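Comments concern the structure below.
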Amino acid sequence: MAENTCVRCGAIPPSHDVVSVASADGSFRLLCSRCFNTEMADLAEVHAFEHPEFTPVRLSDADGVVHEFHFRSLLFGDQLSLEAFEPVPGDDDYAGFRFQVLGDPRSDPFELLGNLVQKMKRALAVKHLVEDAGHLVVAETTVRGRIEWDGNERDRLPCVVI
Ligand SMILES: [Zn+2]
């Protein structure tokens with residue numbers, strides 16, 4: 001069985017589309033986002049929920065560099081989370097840009113997608129870092145980023161992704 005196989009439907013989705021679900025007995029199950037949402041819709045009694053699937057989009061940043069984003073939608077009870085990831089070749093799926101919006105699962109998922117793409121475009125249009133004599137420096141007074149673990153198990157240093 002492949003590492004990313006969904007235990008419910010047997011699909012092998014890309015790693016950013018797999019959810020690890022904790023059971024009451026402390027074990028974990030891997031589900032694809034579609035199966036996760038189906039189970040969540042049952043639990044949260046969101047009737048007639050349709051799992052939205054979006055094809056990847058490409059957006060250019062302030063430097064004209066094209067970024068490809070993949071989407072994942074997850075139902076969290078009465079909220080639908082829509083995330084966009086930029087998979088980086090040879091790296092894990094979380095190293096690139098990442099955006100998220102939350103919305104009502106009963107509303108039109110394309111509206112949510114529109115909001116998310118607007119947010120992505122705004123963020124990509126802003127240049128946070130500039131190169132100065134070979135060093136990256138913060139361009140203005142704001143910098144947007146997130147703090148993550150750098151993936152190295154031995155030194156548990158936080159890693160800031162900008
Ligand atoms: Zn599945």
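By convention in this document, the chains of the structure tokens carry letters A, B, ... by their order, each chain's residues are numbered from 1, and ligands are numbered from 1 in the order they are shown.
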All residues having an atom within 7 Å of ligand 1 (only C-alpha atoms and all ligand atoms) as an mmCIF file with N, CA and C atoms, in the first residue's frame:
data_model
loop_
_atom_site.group_PDB
_atom_site.id
_atom_site.type_symbol
_atom_site.label_atom_id
_atom_site.label_comp_id
_atom_site.auth_asym_id
_atom_site.auth_seq_id
_atom_site.Cartn_x
_atom_site.Cartn_y
_atom_site.Cartn_z
ATOM 1 N N CYS A 6 -5.667 6.456 0.612
ATOM 2 C CA CYS A 6 -6.832 6.740 1.453
ATOM 3 C C CYS A 6 -7.420 5.403 1.905
ATOM 4 N N VAL A 7 -7.614 5.226 3.217
ATOM 5 C CA VAL A 7 -8.095 3.929 3.721
ATOM 6 C C VAL A 7 -9.571 3.717 3.396
ATOM 7 N N ARG A 8 -10.250 4.762 2.995
ATOM 8 C CA ARG A 8 -11.688 4.635 2.755
ATOM 9 C C ARG A 8 -11.991 4.280 1.292
ATOM 10 N N CYS A 9 -11.336 4.972 0.348
ATOM 11 C CA CYS A 9 -11.672 4.731 -1.065
ATOM 12 C C CYS A 9 -10.512 4.173 -1.863
ATOM 13 N N GLY A 10 -9.320 4.092 -1.266
ATOM 14 C CA GLY A 10 -8.184 3.499 -1.961
ATOM 15 C C GLY A 10 -7.484 4.433 -2.931
ATOM 16 N N ALA A 11 -7.929 5.682 -3.010
ATOM 17 C CA ALA A 11 -7.283 6.647 -3.901
ATOM 18 C C ALA A 11 -5.900 6.990 -3.360
ATOM 19 N N LEU A 31 -6.994 9.753 5.176
ATOM 20 C CA LEU A 31 -8.143 9.912 4.288
ATOM 21 C C LEU A 31 -7.811 10.951 3.228
ATOM 22 N N CYS A 32 -8.331 10.757 2.032
ATOM 23 C CA CYS A 32 -8.227 11.823 1.038
ATOM 24 C C CYS A 32 -9.219 12.920 1.452
ATOM 25 N N SER A 33 -9.045 14.115 0.932
ATOM 26 C CA SER A 33 -9.894 15.221 1.392
ATOM 27 C C SER A 33 -11.369 14.967 1.069
ATOM 28 N N ARG A 34 -11.622 14.265 -0.049
ATOM 29 C CA ARG A 34 -13.018 13.982 -0.402
ATOM 30 C C ARG A 34 -13.685 13.078 0.645
ATOM 31 N N CYS A 35 -12.979 12.000 1.054
ATOM 32 C CA CYS A 35 -13.542 11.098 2.061
ATOM 33 C C CYS A 35 -13.636 11.783 3.417
#
From a backbone DSSP assignment, name each residue in segment 40-121 of chain A labelled strand (DSSP E), as a list in words.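 Strand (DSSP E) assignments inside segment 40-121 of chain A correspond to Val57, Arg58, Leu59, Ser60, Val66, His67, Glu68, Phe69, His70, Phe71, Arg72, Ser73, Leu74, Leu75, Phe76, Gln79, Leu80, Ser81, Leu82, Glu83, Ala84, Phe85, Arg98, Phe99, Gln100, Val101, Leu102 and Gly103 of chain A.
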Atoms to include: N, CA, C and O atoms. Write the selected residues as a compact mmCIF listing (two decimals), in the first residue's frame.
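Generated output (part.txt):
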# COMPACT_ATOMS: atom_id res chain seq x y z
N VAL A 57 -4.05 26.73 -10.25
CA VAL A 57 -3.97 28.01 -10.98
C VAL A 57 -2.53 28.50 -10.93
O VAL A 57 -1.77 28.16 -10.03
N ARG A 58 -2.19 29.34 -11.89
CA ARG A 58 -0.87 29.95 -11.92
C ARG A 58 -1.00 31.45 -11.77
O ARG A 58 -1.82 32.06 -12.45
N LEU A 59 -0.21 32.01 -10.88
CA LEU A 59 -0.22 33.45 -10.64
C LEU A 59 1.21 33.97 -10.65
O LEU A 59 2.13 33.28 -10.19
N SER A 60 1.39 35.18 -11.14
CA SER A 60 2.73 35.78 -11.15
C SER A 60 2.90 36.68 -9.93
O SER A 60 1.96 37.33 -9.49
N VAL A 66 6.25 32.99 -11.97
CA VAL A 66 4.97 32.29 -11.95
C VAL A 66 4.97 31.24 -10.83
O VAL A 66 5.91 30.48 -10.68
N HIS A 67 3.91 31.24 -10.05
CA HIS A 67 3.75 30.25 -8.99
C HIS A 67 2.50 29.43 -9.29
O HIS A 67 1.47 29.98 -9.63
N GLU A 68 2.62 28.13 -9.15
CA GLU A 68 1.46 27.27 -9.37
C GLU A 68 0.88 26.85 -8.02
O GLU A 68 1.61 26.38 -7.15
N PHE A 69 -0.41 27.04 -7.90
CA PHE A 69 -1.07 26.73 -6.64
C PHE A 69 -2.04 25.57 -6.80
O PHE A 69 -2.80 25.51 -7.76
N HIS A 70 -2.00 24.69 -5.83
CA HIS A 70 -2.95 23.58 -5.77
C HIS A 70 -3.90 23.83 -4.61
O HIS A 70 -3.51 24.44 -3.62
N PHE A 71 -5.11 23.35 -4.75
CA PHE A 71 -6.13 23.65 -3.74
C PHE A 71 -6.53 22.43 -2.94
O PHE A 71 -6.49 21.30 -3.43
N ARG A 72 -6.91 22.71 -1.72
CA ARG A 72 -7.47 21.65 -0.87
C ARG A 72 -8.65 22.25 -0.12
O ARG A 72 -8.53 23.33 0.47
N SER A 73 -9.77 21.58 -0.14
CA SER A 73 -10.91 22.07 0.63
C SER A 73 -11.24 21.04 1.71
O SER A 73 -11.34 19.85 1.43
N LEU A 74 -11.37 21.54 2.92
CA LEU A 74 -11.71 20.66 4.04
C LEU A 74 -12.88 21.25 4.80
O LEU A 74 -12.92 22.44 5.09
N LEU A 75 -13.79 20.37 5.13
CA LEU A 75 -14.95 20.78 5.90
C LEU A 75 -14.65 20.60 7.38
O LEU A 75 -14.23 19.53 7.81
N PHE A 76 -14.78 21.70 8.14
CA PHE A 76 -14.59 21.63 9.59
C PHE A 76 -15.92 22.00 10.22
O PHE A 76 -16.13 23.16 10.56
N GLN A 79 -17.72 25.17 9.02
CA GLN A 79 -16.85 26.02 8.21
C GLN A 79 -16.18 25.19 7.13
O GLN A 79 -15.76 24.04 7.38
N LEU A 80 -16.08 25.78 5.98
CA LEU A 80 -15.33 25.15 4.90
C LEU A 80 -14.01 25.90 4.74
O LEU A 80 -14.00 27.12 4.57
N SER A 81 -12.93 25.16 4.85
CA SER A 81 -11.61 25.77 4.69
C SER A 81 -11.12 25.50 3.29
O SER A 81 -11.17 24.36 2.82
N LEU A 82 -10.68 26.54 2.63
CA LEU A 82 -10.09 26.36 1.31
C LEU A 82 -8.65 26.85 1.39
O LEU A 82 -8.39 27.98 1.80
N GLU A 83 -7.74 25.96 1.06
CA GLU A 83 -6.32 26.29 1.15
C GLU A 83 -5.68 26.20 -0.23
O GLU A 83 -6.07 25.38 -1.04
N ALA A 84 -4.69 27.04 -0.43
CA ALA A 84 -3.90 26.98 -1.66
C ALA A 84 -2.45 26.73 -1.27
O ALA A 84 -1.93 27.37 -0.35
N PHE A 85 -1.83 25.78 -1.92
CA PHE A 85 -0.44 25.44 -1.64
C PHE A 85 0.39 25.64 -2.90
O PHE A 85 -0.09 25.40 -3.98
N ARG A 98 1.45 29.64 0.94
CA ARG A 98 0.29 28.92 1.44
C ARG A 98 -0.76 29.94 1.87
O ARG A 98 -0.44 30.90 2.57
N PHE A 99 -1.98 29.76 1.44
CA PHE A 99 -3.06 30.70 1.77
C PHE A 99 -4.29 29.91 2.20
O PHE A 99 -4.47 28.77 1.79
N GLN A 100 -5.12 30.56 2.99
CA GLN A 100 -6.34 29.89 3.44
C GLN A 100 -7.48 30.90 3.60
O GLN A 100 -7.26 32.03 4.03
N VAL A 101 -8.66 30.49 3.24
CA VAL A 101 -9.87 31.25 3.58
C VAL A 101 -10.88 30.28 4.19
O VAL A 101 -10.86 29.09 3.92
N LEU A 102 -11.75 30.83 5.02
CA LEU A 102 -12.82 30.03 5.63
C LEU A 102 -14.16 30.60 5.17
O LEU A 102 -14.31 31.81 5.01
N GLY A 103 -15.11 29.71 4.96
CA GLY A 103 -16.42 30.18 4.54
C GLY A 103 -17.51 29.23 4.97
O GLY A 103 -17.26 28.19 5.58
Can you list, as a list in words, all residues belonging to segment 50-116 of chain A that DSSP tags as alpha helix (DSSP H)? Pro109, Phe110, Glu111, Leu112, Leu113, Gly114, Asn115 and Leu116 of chain A
Those same residues, written as a PDB file, in the first residue's frame with C-alpha atoms?
ATOM      1  CA  PRO A 109     -17.483  27.241  -3.316  1.00  0.00           C
ATOM      2  CA  PHE A 110     -16.515  29.297  -6.365  1.00  0.00           C
ATOM      3  CA  GLU A 111     -17.184  32.447  -4.378  1.00  0.00           C
ATOM      4  CA  LEU A 112     -14.797  31.182  -1.738  1.00  0.00           C
ATOM      5  CA  LEU A 113     -12.259  30.392  -4.421  1.00  0.00           C
ATOM      6  CA  GLY A 114     -12.652  33.942  -5.761  1.00  0.00           C
ATOM      7  CA  ASN A 115     -11.921  35.372  -2.311  1.00  0.00           C
ATOM      8  CA  LEU A 116      -8.908  33.149  -1.938  1.00  0.00           C
TER       9      LEU A 116
END
One decimal, in Å: what's the spacing between atom CA of Val126 of chain A and atom CA of Phe97 of chain A?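 Distance reported for this atom pair: 13.0 Å.
Relative to atom CA of Val19 of chain A, atom CA of Asn37 of chain A is found at 10.1 Å.
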By how many Å are atom CA of Asp108 of chain A and atom CA of Glu45 of chain A apart?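 We find that atom CA of Asp108 of chain A and atom CA of Glu45 of chain A lie 17.8 Å from each other.
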